[in-house]
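Listing of protein12.cif, mmCIF, C-alpha atoms and all ligand atoms
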```cif
data_upload
loop_
_atom_site.group_PDB
_atom_site.id
_atom_site.type_symbol
_atom_site.label_atom_id
_atom_site.label_comp_id
_atom_site.auth_asym_id
_atom_site.auth_seq_id
_atom_site.Cartn_x
_atom_site.Cartn_y
_atom_site.Cartn_z
ATOM 1 C CA MET A 1 125.749 199.335 121.284
ATOM 2 C CA THR A 2 127.516 201.048 118.430
ATOM 3 C CA THR A 3 131.109 200.342 117.521
ATOM 4 C CA SER A 4 131.929 203.782 116.112
ATOM 5 C CA THR A 5 133.107 206.300 118.680
ATOM 6 C CA PRO A 6 132.752 209.940 117.644
ATOM 7 C CA ALA A 7 136.076 211.694 117.086
ATOM 8 C CA PRO A 8 137.224 213.551 120.206
ATOM 9 C CA THR A 9 136.716 217.306 120.037
ATOM 10 C CA PRO A 10 138.534 220.120 121.867
ATOM 11 C CA ALA A 11 135.290 220.721 123.789
ATOM 12 C CA HIS A 12 135.337 217.147 125.085
ATOM 13 C CA VAL A 13 138.957 217.510 126.227
ATOM 14 C CA ARG A 14 138.169 220.841 127.931
ATOM 15 C CA GLU A 15 135.344 219.099 129.749
ATOM 16 C CA LEU A 16 137.822 216.506 131.060
ATOM 17 C CA ALA A 17 140.094 219.374 132.141
ATOM 18 C CA ALA A 18 137.199 220.939 134.068
ATOM 19 C CA GLN A 19 136.550 217.594 135.775
ATOM 20 C CA ALA A 20 140.217 217.393 136.786
ATOM 21 C CA GLU A 21 139.991 220.951 138.226
ATOM 22 C CA GLN A 22 136.954 219.914 140.245
ATOM 23 C CA LEU A 23 138.778 216.840 141.528
ATOM 24 C CA ALA A 24 141.764 218.994 142.556
ATOM 25 C CA ASP A 25 139.395 221.356 144.397
ATOM 26 C CA ALA A 26 137.799 218.386 146.171
ATOM 27 C CA ILE A 27 141.205 217.015 147.214
ATOM 28 C CA GLU A 28 142.215 220.426 148.610
ATOM 29 C CA ALA A 29 138.906 220.684 150.486
ATOM 30 C CA LEU A 30 139.530 217.245 151.985
ATOM 31 C CA ARG A 31 143.027 218.322 152.983
ATOM 32 C CA ARG A 32 141.589 221.363 154.786
ATOM 33 C CA GLN A 33 138.969 219.246 156.542
ATOM 34 C CA LEU A 34 141.579 216.750 157.741
ATOM 35 C CA SER A 35 143.845 219.545 158.982
ATOM 36 C CA ARG A 36 141.078 220.680 161.327
ATOM 37 C CA GLY A 37 140.791 217.197 162.822
ATOM 38 C CA GLU A 38 142.667 215.487 165.629
ATOM 39 C CA ASP A 39 146.409 215.108 165.389
ATOM 40 C CA THR A 40 146.364 211.471 164.262
ATOM 41 C CA LEU A 41 143.716 212.181 161.628
ATOM 42 C CA ARG A 42 145.524 215.319 160.458
ATOM 43 C CA ARG A 43 148.634 213.304 159.667
ATOM 44 C CA THR A 44 146.759 211.070 157.216
ATOM 45 C CA GLY A 45 146.474 214.013 154.831
ATOM 46 C CA TYR A 46 150.194 214.362 154.102
ATOM 47 C CA ARG A 47 149.918 213.049 150.523
ATOM 48 C CA LEU A 48 147.111 215.328 149.483
ATOM 49 C CA ASP A 49 149.022 218.505 148.603
ATOM 50 C CA ASP A 50 151.044 216.526 146.063
ATOM 51 C CA ALA A 51 147.954 214.697 144.867
ATOM 52 C CA ALA A 52 146.065 217.956 144.269
ATOM 53 C CA GLY A 53 149.102 219.375 142.443
ATOM 54 C CA TRP A 54 149.306 216.379 140.114
ATOM 55 C CA VAL A 55 145.630 216.576 139.282
ATOM 56 C CA ARG A 56 145.993 220.340 138.574
ATOM 57 C CA GLN A 57 148.915 219.532 136.286
ATOM 58 C CA ALA A 58 146.719 216.970 134.518
ATOM 59 C CA ALA A 59 144.055 219.671 134.046
ATOM 60 C CA GLN A 60 146.668 221.999 132.480
ATOM 61 C CA ASP A 61 147.952 219.231 130.202
ATOM 62 C CA LEU A 62 144.386 218.534 129.076
ATOM 63 C CA GLN A 63 143.828 222.249 128.340
ATOM 64 C CA ALA A 64 147.047 222.360 126.302
ATOM 65 C CA THR A 65 145.936 219.242 124.411
ATOM 66 C CA ALA A 66 142.586 220.870 123.628
ATOM 67 C CA SER A 67 144.405 223.972 122.336
ATOM 68 C CA ASP A 68 146.634 221.813 120.088
ATOM 69 C CA MET A 69 143.542 220.075 118.714
ATOM 70 C CA ALA A 70 141.815 223.410 118.065
ATOM 71 C CA ARG A 71 144.920 224.758 116.286
ATOM 72 C CA LEU A 72 145.035 221.643 114.115
ATOM 73 C CA ALA A 73 141.365 222.047 113.174
ATOM 74 C CA ALA A 74 141.986 225.695 112.267
ATOM 75 C CA LEU A 75 144.984 225.008 109.977
ATOM 76 C CA PRO A 76 144.581 227.006 106.765
ATOM 77 C CA THR A 77 144.301 224.891 103.591
ATOM 78 C CA ASP A 78 147.354 226.618 102.088
ATOM 79 C CA ALA A 79 149.501 225.834 105.144
ATOM 80 C CA CYS A 80 153.011 224.421 104.997
ATOM 81 C CA ALA A 81 153.005 220.591 105.046
ATOM 82 C CA VAL A 82 155.657 220.090 107.740
ATOM 83 C CA PRO A 83 154.269 218.624 110.990
ATOM 84 C CA TRP A 84 156.348 220.851 113.301
ATOM 85 C CA GLY A 85 156.889 224.591 113.534
ATOM 86 C CA VAL A 86 159.765 226.956 112.723
ATOM 87 C CA CYS A 87 160.384 230.656 113.177
ATOM 88 C CA PRO A 88 158.849 232.157 109.995
ATOM 89 C CA GLU A 89 161.929 234.352 109.567
ATOM 90 C CA HIS A 90 164.824 232.286 110.965
ATOM 91 C CA GLY A 91 163.858 228.654 110.376
ATOM 92 C CA ASN A 92 164.961 225.882 112.710
ATOM 93 C CA THR A 93 165.832 228.154 115.650
ATOM 94 C CA LEU A 94 163.081 227.396 118.141
ATOM 95 C CA ILE A 95 163.410 226.423 121.766
ATOM 96 C CA ALA A 96 160.227 224.894 123.114
ATOM 97 C CA SER A 97 159.633 224.073 126.753
ATOM 98 C CA GLY A 98 156.300 223.168 128.216
ATOM 99 C CA ASN A 99 153.705 225.333 126.565
ATOM 100 C CA MET A 100 156.073 228.114 125.450
ATOM 101 C CA THR A 101 158.262 228.493 122.375
ATOM 102 C CA THR A 102 160.839 231.183 121.662
ATOM 103 C CA CYS A 103 163.168 231.859 118.728
ATOM 104 C CA LYS A 104 166.804 231.796 119.799
ATOM 105 C CA SER A 105 168.037 233.844 116.836
ATOM 106 C CA ALA A 106 169.678 237.084 117.998
ATOM 107 C CA GLY A 107 167.306 240.024 117.796
ATOM 108 C CA CYS A 108 164.233 237.895 117.133
ATOM 109 C CA ARG A 109 161.745 238.485 119.898
ATOM 110 C CA ARG A 110 159.109 236.044 118.678
ATOM 111 C CA THR A 111 157.458 233.899 121.317
ATOM 112 C CA TRP A 112 154.447 231.626 121.082
ATOM 113 C CA GLY A 113 152.197 230.497 123.923
ATOM 114 C CA TYR A 114 152.281 226.854 122.846
ATOM 115 C CA ASN A 115 154.794 224.181 121.917
ATOM 116 C CA ARG A 116 155.624 224.733 118.238
ATOM 117 C CA ASP A 117 157.846 221.635 118.130
ATOM 118 C CA THR A 118 154.791 219.405 118.402
ATOM 119 C CA ALA A 119 152.305 221.533 116.437
ATOM 120 C CA PRO A 120 152.000 221.302 112.646
ATOM 121 C CA CYS A 121 153.365 224.332 110.809
ATOM 122 C CA ALA A 122 150.574 226.840 110.090
ATOM 123 C CA GLU A 123 152.665 229.307 108.042
ATOM 124 C CA PRO A 124 151.552 229.812 104.422
ATOM 125 C CA ALA A 125 153.317 227.580 101.876
ATOM 126 C CA THR A 126 155.594 229.627 99.621
ATOM 127 C CA HIS A 127 158.136 227.113 98.270
ATOM 128 C CA ARG A 128 158.192 223.780 96.531
ATOM 129 C CA LEU A 129 160.608 221.372 98.201
ATOM 130 C CA ILE A 130 161.628 218.629 95.786
ATOM 131 C CA VAL A 131 163.201 215.648 97.535
ATOM 132 C CA ALA A 132 163.167 213.448 94.422
ATOM 133 C CA GLU A 133 161.544 213.785 90.988
ATOM 134 C CA GLY A 134 157.808 213.510 91.562
ATOM 135 C CA HIS A 135 158.099 213.896 95.325
ATOM 136 C CA GLU A 136 157.470 217.459 96.296
ATOM 137 C CA THR A 137 156.146 219.130 99.398
ATOM 138 C CA LEU A 138 154.851 222.663 99.756
ATOM 139 C CA VAL A 139 156.609 224.478 102.591
ATOM 140 C CA CYS A 140 156.787 227.938 104.175
ATOM 141 C CA ASP A 141 159.678 230.439 104.144
ATOM 142 C CA GLY A 142 161.073 229.142 107.442
ATOM 143 C CA HIS A 143 161.034 225.500 106.405
ATOM 144 C CA ALA A 144 162.535 226.341 102.992
ATOM 145 C CA LEU A 145 165.349 228.139 104.839
ATOM 146 C CA ASP A 146 165.911 225.115 107.067
ATOM 147 C CA ALA A 147 165.922 222.666 104.120
ATOM 148 C CA ARG A 148 168.351 224.901 102.224
ATOM 149 C CA ALA A 149 170.685 225.052 105.234
ATOM 150 C CA ARG A 150 170.719 221.261 105.465
ATOM 151 C CA LEU A 151 170.885 220.727 101.663
ATOM 152 C CA ILE A 152 168.236 218.062 101.815
ATOM 153 C CA ALA A 153 166.254 218.984 98.734
ATOM 154 C CA ARG A 154 165.889 221.198 95.709
ATOM 155 C CA ILE A 155 163.848 224.258 96.586
ATOM 156 C CA GLU A 156 161.871 226.400 94.189
ATOM 157 C CA PRO A 157 159.582 229.340 94.831
ATOM 158 C CA MET A 158 155.923 228.514 94.096
HETATM 159 ZN ZN ZN A 201 163.185 234.156 114.764
HETATM 160 ZN ZN ZN A 202 156.585 225.519 107.657
#
```

Would you encode the structure as structure tokens?
Ligand SMILES: [Zn+2]
Ligand SMILES: [Zn+2]
Amino acid sequence: MTTSTPAPTPAHVRELAAQAEQLADAIEALRRQLSRGEDTLRRTGYRLDDAAGWVRQAAQDLQATASDMARLAALPTDACAVPWGVCPEHGNTLIASGNMTTCKSAGCRRTWGYNRDTAPCAEPATHRLIVAEGHETLVCDGHALDARARLIARIEPM
């Protein structure tokens, strides 16, 4: 037996999601079978709608996890170093819920089909953010805007 486990891949997580979908299908099939049975048997199935729903939710969460992993793997090498997203134009103005993110700045219609709060920023780095001498981070337009608004660092264009 080997002690090193291979790193999980998005494909592996999608496989788990497919297994969860199959389990949800099986639970729903069982529910249908029970509902065709005698009254006393039929009543034993009352938990199964919820159970199937939870397993479907698990499948969706696994799919979203796989997408996050794939996005991380595809991060460009010149990407901003901040581990959460911003609106590239307006900065720290995002509202994320579930697997959707929108910018709340008036007139900005940007939306993203994933949670940008938990995904590393993939915008190109355009500014040098200097927190202390010798400690600098390369950040995008949106994160430079946010840092400037909060006066947390010296910011210089690259
Ligand atoms: Zn915006
Ligand atoms: Zn950024």

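Selection of all polymer residues within 6 Å of ligand ZN 201 (chain A) on the basis of all atoms listed in the file gives Cys87, Glu89, His90, Cys103, Ser105, Cys108 and Arg110 of chain A.
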
Tell me which residues the PyMOL selection byres (((chain A and resi 69) around 10) and not hetatm) grabs here, as a PyMOL selection string.
chain A and resi 8-11+13+63-68+70-74+119

Can you tell me which residues surround Ala147 of chain A at a distance of at most 12 Å, considering only C-alpha atoms, apart from same-chain residues fewer than 4 positions away, and format the answer as a list in words?
Val82, Val86, His90, Gly91, Asn92, His127, Arg128, Leu129, Ile130, Val131, Thr137, Leu138, Val139, Cys140, Asp141, Gly142, His143, Leu151, Ile152, Ala153, Arg154, Ile155 and Glu156 of chain A

Preceding selection exported with C-alpha atoms as a PDB file, in the frame of the given file:
```pdb
ATOM      1  CA  VAL A  82     155.657 220.090 107.740  1.00  0.00           C
ATOM      2  CA  VAL A  86     159.765 226.956 112.723  1.00  0.00           C
ATOM      3  CA  HIS A  90     164.824 232.286 110.965  1.00  0.00           C
ATOM      4  CA  GLY A  91     163.858 228.654 110.376  1.00  0.00           C
ATOM      5  CA  ASN A  92     164.961 225.882 112.710  1.00  0.00           C
ATOM      6  CA  HIS A 127     158.136 227.113  98.270  1.00  0.00           C
ATOM      7  CA  ARG A 128     158.192 223.780  96.531  1.00  0.00           C
ATOM      8  CA  LEU A 129     160.608 221.372  98.201  1.00  0.00           C
ATOM      9  CA  ILE A 130     161.628 218.629  95.786  1.00  0.00           C
ATOM     10  CA  VAL A 131     163.201 215.648  97.535  1.00  0.00           C
ATOM     11  CA  THR A 137     156.146 219.130  99.398  1.00  0.00           C
ATOM     12  CA  LEU A 138     154.851 222.663  99.756  1.00  0.00           C
ATOM     13  CA  VAL A 139     156.609 224.478 102.591  1.00  0.00           C
ATOM     14  CA  CYS A 140     156.787 227.938 104.175  1.00  0.00           C
ATOM     15  CA  ASP A 141     159.678 230.439 104.144  1.00  0.00           C
ATOM     16  CA  GLY A 142     161.073 229.142 107.442  1.00  0.00           C
ATOM     17  CA  HIS A 143     161.034 225.500 106.405  1.00  0.00           C
ATOM     18  CA  LEU A 151     170.885 220.727 101.663  1.00  0.00           C
ATOM     19  CA  ILE A 152     168.236 218.062 101.815  1.00  0.00           C
ATOM     20  CA  ALA A 153     166.254 218.984  98.734  1.00  0.00           C
ATOM     21  CA  ARG A 154     165.889 221.198  95.709  1.00  0.00           C
ATOM     22  CA  ILE A 155     163.848 224.258  96.586  1.00  0.00           C
ATOM     23  CA  GLU A 156     161.871 226.400  94.189  1.00  0.00           C
TER      24      GLU A 156
END
```

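Across A:Met100, A:Ala122, A:Ala144, A:Met158, the tightest approach to Pro83 of chain A is made by A:Ala122 when counting all atoms listed in the file.
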
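Residues selected in this file by the PyMOL selection byres (((chain A and resi 24-41) around 12) and not hetatm) comprise A:Ala17, A:Ala18, A:Gln19, A:Ala20, A:Glu21, A:Gln22, A:Leu23, A:Arg42, A:Arg43, A:Thr44, A:Gly45, A:Tyr46, A:Arg47, A:Leu48, A:Asp49, A:Asp50, A:Ala51, A:Ala52, A:Gly53, A:Trp54, A:Val55, A:Arg56, A:Gln57, A:Ala58, A:Ala59, A:Gln60.
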
Any chance you could export the current selection's C-alpha atoms as a PDB file, in the frame of the given file?
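Result saved to result30.pdb:
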```
ATOM      1  CA  ALA A  17     140.094 219.374 132.141  1.00  0.00           C
ATOM      2  CA  ALA A  18     137.199 220.939 134.068  1.00  0.00           C
ATOM      3  CA  GLN A  19     136.550 217.594 135.775  1.00  0.00           C
ATOM      4  CA  ALA A  20     140.217 217.393 136.786  1.00  0.00           C
ATOM      5  CA  GLU A  21     139.991 220.951 138.226  1.00  0.00           C
ATOM      6  CA  GLN A  22     136.954 219.914 140.245  1.00  0.00           C
ATOM      7  CA  LEU A  23     138.778 216.840 141.528  1.00  0.00           C
ATOM      8  CA  ARG A  42     145.524 215.319 160.458  1.00  0.00           C
ATOM      9  CA  ARG A  43     148.634 213.304 159.667  1.00  0.00           C
ATOM     10  CA  THR A  44     146.759 211.070 157.216  1.00  0.00           C
ATOM     11  CA  GLY A  45     146.474 214.013 154.831  1.00  0.00           C
ATOM     12  CA  TYR A  46     150.194 214.362 154.102  1.00  0.00           C
ATOM     13  CA  ARG A  47     149.918 213.049 150.523  1.00  0.00           C
ATOM     14  CA  LEU A  48     147.111 215.328 149.483  1.00  0.00           C
ATOM     15  CA  ASP A  49     149.022 218.505 148.603  1.00  0.00           C
ATOM     16  CA  ASP A  50     151.044 216.526 146.063  1.00  0.00           C
ATOM     17  CA  ALA A  51     147.954 214.697 144.867  1.00  0.00           C
ATOM     18  CA  ALA A  52     146.065 217.956 144.269  1.00  0.00           C
ATOM     19  CA  GLY A  53     149.102 219.375 142.443  1.00  0.00           C
ATOM     20  CA  TRP A  54     149.306 216.379 140.114  1.00  0.00           C
ATOM     21  CA  VAL A  55     145.630 216.576 139.282  1.00  0.00           C
ATOM     22  CA  ARG A  56     145.993 220.340 138.574  1.00  0.00           C
ATOM     23  CA  GLN A  57     148.915 219.532 136.286  1.00  0.00           C
ATOM     24  CA  ALA A  58     146.719 216.970 134.518  1.00  0.00           C
ATOM     25  CA  ALA A  59     144.055 219.671 134.046  1.00  0.00           C
ATOM     26  CA  GLN A  60     146.668 221.999 132.480  1.00  0.00           C
TER      27      GLN A  60
END
```

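The coordinates place atom CA of Ala79 of chain A at 5.3 Å from atom CA of Ala125 of chain A.
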
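Take atom CA of Arg148 of chain A and atom CA of Trp112 of chain A: the distance between them is 24.4 Å.
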
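Rounded to one decimal, atom ZN of ligand ZN 202 (chain A) and atom CA of Asp78 of chain A lie 10.8 Å from each other.
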
Please define a box with edges along x, y and z of the file around all atoms of segment 91-110 of chain A given in the file, extend it by 8 Å on each side, and return its centre and edge lengths in Å to one decimal, as AutoDock Vina command-line options.
```
--center_x 161.7 --center_y 231.6 --center_z 119.3 --size_x 32.0 --size_y 32.9 --size_z 33.8
```

For Ala81 of chain A, which residue out of A:Pro120, A:Gly98, A:Pro157, A:Gly107 is the nearest one, using all atoms listed in the file?
A:Pro120

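The closest residue to Thr101 of chain A, picked from A:Asn115, A:Leu62, A:Pro88, A:Gly134 and counting all atoms listed in the file, is A:Asn115.
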
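Considering all atoms listed in the file, the residue among A:Ala96, A:Leu16, A:Leu75, A:Cys80 positioned nearest to ligand ZN 202 (chain A) is A:Cys80.
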
Which residue gives the smallest distance to ligand ZN 202 (chain A) among A:Asp146, A:Asp61, A:Glu133, A:Glu15, with only C-alpha atoms and all ligand atoms counted?
A:Asp146
